[in-house]
>>> print(open('run.csv').read())   # CSV, C-alpha atoms
chain,number,residue,atom,x,y,z
A,23,MET,CA,0.0,0.0,0.0
A,24,SER,CA,1.2,3.5,-0.7
A,25,GLN,CA,1.5,6.0,2.1
A,26,VAL,CA,-1.6,7.8,0.7
A,27,VAL,CA,-3.7,4.6,0.8
A,28,GLU,CA,-2.5,3.7,4.3
A,29,THR,CA,-3.4,7.2,5.5
A,30,ASN,CA,-6.8,6.9,3.9
A,31,LEU,CA,-7.3,3.5,5.5
A,32,GLU,CA,-6.3,4.9,8.9
A,33,SER,CA,-8.7,7.7,8.6
A,34,ARG,CA,-11.5,5.3,7.4
A,35,ILE,CA,-10.9,3.0,10.4
A,36,GLY,CA,-10.9,5.9,12.8
A,37,HIS,CA,-14.2,7.1,11.3
A,38,LEU,CA,-15.7,3.6,11.5
A,39,ALA,CA,-14.7,3.2,15.1
A,40,GLY,CA,-16.1,6.6,15.9
A,41,VAL,CA,-19.5,5.6,14.4
A,42,ILE,CA,-19.8,2.1,15.7
A,43,CYS,CA,-18.5,2.8,19.2
A,44,ASN,CA,-20.5,6.0,19.6
A,45,GLU,CA,-23.1,5.7,22.4
A,46,ARG,CA,-25.7,7.2,20.0
A,47,PHE,CA,-25.2,4.5,17.4
A,48,PRO,CA,-28.4,2.4,17.6
A,49,THR,CA,-27.9,-0.7,19.8
A,50,GLY,CA,-30.0,-2.9,17.5
A,51,GLU,CA,-27.8,-1.8,14.5
A,52,ARG,CA,-24.6,-2.6,16.4
A,53,ALA,CA,-26.0,-6.0,17.4
A,54,ALA,CA,-26.9,-6.8,13.8
A,55,LEU,CA,-23.4,-5.8,12.7
A,56,ARG,CA,-21.8,-7.9,15.5
A,57,ARG,CA,-23.7,-11.0,14.4
A,58,MET,CA,-22.4,-10.9,10.8
A,59,THR,CA,-20.2,-13.6,9.4
A,60,PRO,CA,-18.2,-13.2,6.2
A,61,GLY,CA,-19.4,-15.3,3.4
A,62,GLN,CA,-23.0,-15.4,4.5
A,63,GLY,CA,-26.0,-13.4,3.6
A,64,LEU,CA,-25.8,-9.7,4.6
A,65,ALA,CA,-28.4,-8.0,6.7
A,66,LEU,CA,-29.9,-4.7,5.4
A,67,SER,CA,-28.3,-3.0,8.3
A,68,PHE,CA,-24.9,-3.8,6.8
A,69,TYR,CA,-25.9,-2.3,3.4
A,70,ARG,CA,-27.2,0.8,5.1
A,71,PHE,CA,-24.0,1.1,7.1
A,72,ALA,CA,-21.7,0.3,4.1
A,73,LEU,CA,-23.3,2.9,1.8
A,74,ALA,CA,-23.0,5.6,4.5
A,75,HIS,CA,-19.5,4.8,5.8
A,76,LEU,CA,-17.4,2.4,3.7
A,77,PRO,CA,-15.3,3.5,0.8
A,78,SER,CA,-17.0,3.5,-2.6
A,79,ASN,CA,-15.2,0.4,-3.7
A,80,TRP,CA,-16.2,-1.7,-0.7
A,81,GLU,CA,-18.0,-4.2,-2.9
A,82,LEU,CA,-14.7,-5.4,-4.3
A,83,ASN,CA,-13.8,-6.8,-0.9
A,84,VAL,CA,-17.2,-7.4,0.7
A,85,ASP,CA,-16.2,-10.2,3.0
A,86,ASP,CA,-13.1,-8.4,4.3
A,87,TRP,CA,-15.2,-5.3,5.1
A,88,VAL,CA,-17.8,-7.5,6.8
A,89,ALA,CA,-15.0,-8.9,9.0
A,90,ILE,CA,-13.7,-5.4,9.8
A,91,VAL,CA,-17.1,-4.0,10.7
A,92,ALA,CA,-18.3,-7.0,12.6
A,93,GLY,CA,-15.0,-7.2,14.5
A,94,MET,CA,-15.2,-3.5,15.5
A,95,ALA,CA,-18.9,-4.0,16.5
A,96,ILE,CA,-17.9,-7.1,18.6
A,97,MET,CA,-15.3,-5.0,20.5
A,98,SER,CA,-17.5,-1.9,20.9
A,99,PRO,CA,-17.3,0.4,22.8
A,100,ASN,CA,-13.5,-0.3,23.2
A,101,ALA,CA,-12.6,-1.3,19.7
A,102,HIS,CA,-10.0,1.1,18.3
A,103,ARG,CA,-7.0,2.6,19.9
A,104,PHE,CA,-4.7,4.0,17.2
A,105,ASP,CA,-1.5,3.9,19.4
A,106,ARG,CA,-1.9,0.2,20.3
A,107,GLY,CA,-1.0,-2.2,17.5
A,108,VAL,CA,-2.6,-5.6,17.2
A,109,GLY,CA,0.5,-7.5,18.2
A,110,ARG,CA,0.9,-5.5,21.4
A,111,ALA,CA,-2.8,-5.8,22.3
A,112,LEU,CA,-2.8,-9.5,21.7
A,113,ALA,CA,0.4,-10.0,23.8
A,114,GLU,CA,-0.8,-7.9,26.7
A,115,ALA,CA,-4.1,-9.8,26.7
A,116,ALA,CA,-2.2,-13.1,26.9
A,117,TYR,CA,-3.1,-14.4,23.4
A,118,SER,CA,-1.3,-17.6,22.8
A,119,GLU,CA,1.6,-18.0,20.4
A,120,ALA,CA,-0.2,-20.9,18.7
A,121,ARG,CA,-3.2,-18.7,18.0
A,122,LEU,CA,-1.0,-15.9,16.7
A,123,GLU,CA,0.8,-18.3,14.4
A,124,ARG,CA,-2.6,-19.6,13.0
A,125,LEU,CA,-3.8,-16.0,12.5
A,126,LEU,CA,-0.7,-14.8,10.7
A,127,ALA,CA,-0.6,-18.0,8.5
A,128,ALA,CA,-4.3,-17.8,7.5
A,129,GLU,CA,-5.7,-16.5,4.3
A,130,ALA,CA,-9.1,-15.7,2.8
A,131,GLN,CA,-12.1,-17.0,4.7
A,132,THR,CA,-10.0,-18.6,7.4
A,133,LEU,CA,-8.2,-15.3,8.1
A,134,ARG,CA,-11.6,-13.5,8.3
A,135,ILE,CA,-12.9,-16.0,10.9
A,136,LEU,CA,-9.6,-15.9,12.9
A,137,VAL,CA,-9.7,-12.0,12.9
A,138,LEU,CA,-13.3,-12.2,14.4
A,139,ARG,CA,-12.1,-14.7,17.0
A,140,ALA,CA,-9.2,-12.4,17.9
A,141,ALA,CA,-11.7,-9.6,18.2
A,142,ARG,CA,-13.9,-11.6,20.6
A,143,PHE,CA,-10.8,-12.5,22.6
A,144,LEU,CA,-9.7,-8.8,22.9
A,145,ALA,CA,-13.3,-7.8,23.6
A,146,ALA,CA,-13.5,-10.2,26.5
A,147,LYS,CA,-10.3,-8.6,27.9
A,148,SER,CA,-11.5,-5.1,27.2
A,149,SER,CA,-8.3,-4.6,25.2
A,150,PRO,CA,-8.7,-2.2,22.3
A,151,CYS,CA,-6.2,-2.2,19.4
A,152,ASN,CA,-5.4,-0.4,16.2
A,153,TRP,CA,-7.9,-1.8,13.8
A,154,THR,CA,-5.9,-0.5,10.9
A,155,ASP,CA,-3.6,-3.5,11.4
A,156,PHE,CA,-6.5,-5.9,11.1
A,157,ALA,CA,-7.9,-4.0,8.1
A,158,GLN,CA,-4.5,-4.0,6.3
A,159,LEU,CA,-4.1,-7.7,7.0
A,160,LEU,CA,-7.5,-8.4,5.4
A,161,LEU,CA,-7.3,-5.9,2.5
A,162,THR,CA,-3.7,-6.0,1.4
A,163,LYS,CA,-3.4,-8.3,-1.6
A,164,ASP,CA,0.3,-7.7,-2.3
A,165,ASP,CA,2.2,-10.6,-0.8
A,166,GLU,CA,5.4,-8.7,0.0
A,167,LYS,CA,3.4,-5.9,1.8
A,168,ARG,CA,1.4,-8.5,3.7
A,169,GLU,CA,4.5,-10.3,4.8
A,170,LEU,CA,6.0,-7.0,6.1
A,171,LEU,CA,2.7,-6.4,8.0
A,172,LYS,CA,2.8,-9.9,9.5
A,173,ARG,CA,6.4,-9.4,10.6
A,174,ARG,CA,5.5,-6.1,12.3
A,175,ILE,CA,2.6,-7.7,14.1
A,176,ALA,CA,4.8,-10.6,15.3
A,177,ARG,CA,7.5,-8.2,16.3
A,178,ASP,CA,5.1,-6.1,18.4
A,179,PHE,CA,3.7,-9.3,19.9
A,180,TYR,CA,7.1,-10.5,21.1
A,181,GLN,CA,8.2,-7.1,22.2
A,182,ASN,CA,5.3,-7.1,24.6
A,183,TYR,CA,5.0,-10.9,25.3
A,184,GLU,CA,5.8,-12.2,28.8
A,185,THR,CA,6.9,-15.8,29.0
A,186,ARG,CA,4.4,-17.6,31.2
>>> encode(input="run.csv", output="structure tokens")
Amino acid sequence: MSQVVETNLESRIGHLAGVICNERFPTGERAALRRMTPGQGLALSFYRFALAHLPSNWELNVDDWVAIVAGMAIMSPNAHRFDRGVGRALAEAAYSEARLERLLAAEAQTLRILVLRAARFLAAKSSPCNWTDFAQLLLTKDDEKRELLKRRIARDFYQNYETR
């Protein structure tokens, strides 16, 4: 991703978190977003949300955006914290090395499901993270850039990981 695209994604994720985690966002809408599963039929609430808040090309990566929106809704109201990378958040919440290995090795639908499981884990620990990391992991199609992102997440994990 170019710097411009990354900045736009960071802005987009910040906006999405601001909307989904806002106390004025309808509880029923948030619950419907929380229940979504990538690869399955979409609720009208997702279309309404997507048309208002996702980038114009969201339909090119529907399942990835479903995972992002559902994951943020799962972690609401403490979903996004821009200064706390996914690796650090997972390490501090005592996420296992085996789970991290599976997450970073996964692709396509398996990756989407594991991102949602990680979101549930972090939600249970009230541990927000920078959702831009998850979004980049899901949306980046360039293998080299994805590998660099995976290394950064792993590095952040181990820099904050305490051997048990």
>>> residues_around(input="run.csv", residues="range 39-54 of chain A", least_positions_apart="6", cutoff="7 Å", atoms="all atoms listed in the file", output="number ranges by chain")
A: 67, 94-95, 98-99, 101-102
>>> closest_residue(input="run.csv", among="A:Leu161, A:Trp153, A:Leu126, A:Thr132", to="Asn79 in chain A", atoms="all atoms listed in the file")
A:Leu161
>>> atom_distance(input="run.csv", atom1="CA of Glu32 in chain A", atom2="CA of Phe104 in chain A")
8.5 Å
>>> residues_around(input="run.csv", residues="Ser149 in chain A", least_positions_apart="6", cutoff="12 Å", atoms="all atoms listed in the file", output="PDB file with C-alpha atoms, in the frame of the given file")
ATOM      1  CA  MET A  94     -15.200  -3.500  15.500  1.00  0.00           C
ATOM      2  CA  ILE A  96     -17.900  -7.100  18.600  1.00  0.00           C
ATOM      3  CA  MET A  97     -15.300  -5.000  20.500  1.00  0.00           C
ATOM      4  CA  SER A  98     -17.500  -1.900  20.900  1.00  0.00           C
ATOM      5  CA  PRO A  99     -17.300   0.400  22.800  1.00  0.00           C
ATOM      6  CA  ASN A 100     -13.500  -0.300  23.200  1.00  0.00           C
ATOM      7  CA  ALA A 101     -12.600  -1.300  19.700  1.00  0.00           C
ATOM      8  CA  HIS A 102     -10.000   1.100  18.300  1.00  0.00           C
ATOM      9  CA  ARG A 103      -7.000   2.600  19.900  1.00  0.00           C
ATOM     10  CA  ARG A 106      -1.900   0.200  20.300  1.00  0.00           C
ATOM     11  CA  GLY A 107      -1.000  -2.200  17.500  1.00  0.00           C
ATOM     12  CA  VAL A 108      -2.600  -5.600  17.200  1.00  0.00           C
ATOM     13  CA  GLY A 109       0.500  -7.500  18.200  1.00  0.00           C
ATOM     14  CA  ARG A 110       0.900  -5.500  21.400  1.00  0.00           C
ATOM     15  CA  ALA A 111      -2.800  -5.800  22.300  1.00  0.00           C
ATOM     16  CA  LEU A 112      -2.800  -9.500  21.700  1.00  0.00           C
ATOM     17  CA  ALA A 113       0.400 -10.000  23.800  1.00  0.00           C
ATOM     18  CA  GLU A 114      -0.800  -7.900  26.700  1.00  0.00           C
ATOM     19  CA  ALA A 115      -4.100  -9.800  26.700  1.00  0.00           C
ATOM     20  CA  ALA A 116      -2.200 -13.100  26.900  1.00  0.00           C
ATOM     21  CA  TYR A 117      -3.100 -14.400  23.400  1.00  0.00           C
ATOM     22  CA  ALA A 140      -9.200 -12.400  17.900  1.00  0.00           C
ATOM     23  CA  ALA A 141     -11.700  -9.600  18.200  1.00  0.00           C
ATOM     24  CA  ARG A 142     -13.900 -11.600  20.600  1.00  0.00           C
ATOM     25  CA  PHE A 143     -10.800 -12.500  22.600  1.00  0.00           C
TER      26      PHE A 143
END
>>> atom_distance(input="run.csv", atom1="CA of Ala89 in chain A", atom2="CA of Leu138 in chain A")
6.6 Å
>>> closest_residue(input="run.csv", among="A:Glu123, A:Val88, A:Phe68, A:Ala130", to="Thr162 in chain A", atoms="all atoms listed in the file")
A:Ala130
>>> residues_near_point(input="run.csv", point="(-21.7, 4.5, 6.1)", cutoff="12 Å", atoms="only C-alpha atoms", output="list of chain:residue names")
A:Arg34, A:Ile35, A:His37, A:Leu38, A:Ala39, A:Gly40, A:Val41, A:Ile42, A:Phe47, A:Ser67, A:Phe68, A:Tyr69, A:Arg70, A:Phe71, A:Ala72, A:Leu73, A:Ala74, A:His75, A:Leu76, A:Pro77, A:Ser78, A:Trp80, A:Trp87, A:Val91
>>> atom_distance(input="run.csv", atom1="CA of Ser33 in chain A", atom2="CA of Ala157 in chain A")
11.7 Å
>>> residues_near_point(input="run.csv", point="(0.2, -5.8, 13.6)", cutoff="9 Å", atoms="all atoms listed in the file", output="CSV table (one decimal) with C-alpha atoms, in the coordinates of the input")
chain,number,residue,atom,x,y,z
A,107,GLY,CA,-1.0,-2.2,17.5
A,108,VAL,CA,-2.6,-5.6,17.2
A,109,GLY,CA,0.5,-7.5,18.2
A,110,ARG,CA,0.9,-5.5,21.4
A,152,ASN,CA,-5.4,-0.4,16.2
A,154,THR,CA,-5.9,-0.5,10.9
A,155,ASP,CA,-3.6,-3.5,11.4
A,156,PHE,CA,-6.5,-5.9,11.1
A,158,GLN,CA,-4.5,-4.0,6.3
A,159,LEU,CA,-4.1,-7.7,7.0
A,171,LEU,CA,2.7,-6.4,8.0
A,172,LYS,CA,2.8,-9.9,9.5
A,173,ARG,CA,6.4,-9.4,10.6
A,174,ARG,CA,5.5,-6.1,12.3
A,175,ILE,CA,2.6,-7.7,14.1
A,176,ALA,CA,4.8,-10.6,15.3
A,177,ARG,CA,7.5,-8.2,16.3
A,178,ASP,CA,5.1,-6.1,18.4
A,179,PHE,CA,3.7,-9.3,19.9
>>> decode(input="run.csv", residues="range 90-115 of chain A", atoms="C-alpha atoms", output="PDB file, in the first residue's frame")
ATOM      1  CA  ILE A  90     -13.728  -5.413   9.812  1.00  0.00           C
ATOM      2  CA  VAL A  91     -17.137  -3.957  10.653  1.00  0.00           C
ATOM      3  CA  ALA A  92     -18.294  -7.039  12.591  1.00  0.00           C
ATOM      4  CA  GLY A  93     -15.023  -7.181  14.536  1.00  0.00           C
ATOM      5  CA  MET A  94     -15.244  -3.537  15.526  1.00  0.00           C
ATOM      6  CA  ALA A  95     -18.873  -4.013  16.549  1.00  0.00           C
ATOM      7  CA  ILE A  96     -17.885  -7.055  18.635  1.00  0.00           C
ATOM      8  CA  MET A  97     -15.252  -4.991  20.459  1.00  0.00           C
ATOM      9  CA  SER A  98     -17.461  -1.924  20.891  1.00  0.00           C
ATOM     10  CA  PRO A  99     -17.299   0.356  22.818  1.00  0.00           C
ATOM     11  CA  ASN A 100     -13.535  -0.291  23.215  1.00  0.00           C
ATOM     12  CA  ALA A 101     -12.617  -1.315  19.686  1.00  0.00           C
ATOM     13  CA  HIS A 102     -10.033   1.072  18.325  1.00  0.00           C
ATOM     14  CA  ARG A 103      -6.973   2.643  19.882  1.00  0.00           C
ATOM     15  CA  PHE A 104      -4.650   4.037  17.240  1.00  0.00           C
ATOM     16  CA  ASP A 105      -1.514   3.888  19.421  1.00  0.00           C
ATOM     17  CA  ARG A 106      -1.852   0.189  20.326  1.00  0.00           C
ATOM     18  CA  GLY A 107      -0.990  -2.216  17.520  1.00  0.00           C
ATOM     19  CA  VAL A 108      -2.644  -5.595  17.192  1.00  0.00           C
ATOM     20  CA  GLY A 109       0.534  -7.458  18.152  1.00  0.00           C
ATOM     21  CA  ARG A 110       0.930  -5.484  21.365  1.00  0.00           C
ATOM     22  CA  ALA A 111      -2.765  -5.752  22.251  1.00  0.00           C
ATOM     23  CA  LEU A 112      -2.769  -9.511  21.727  1.00  0.00           C
ATOM     24  CA  ALA A 113       0.431  -9.981  23.761  1.00  0.00           C
ATOM     25  CA  GLU A 114      -0.797  -7.866  26.656  1.00  0.00           C
ATOM     26  CA  ALA A 115      -4.099  -9.762  26.663  1.00  0.00           C
TER      27      ALA A 115
END
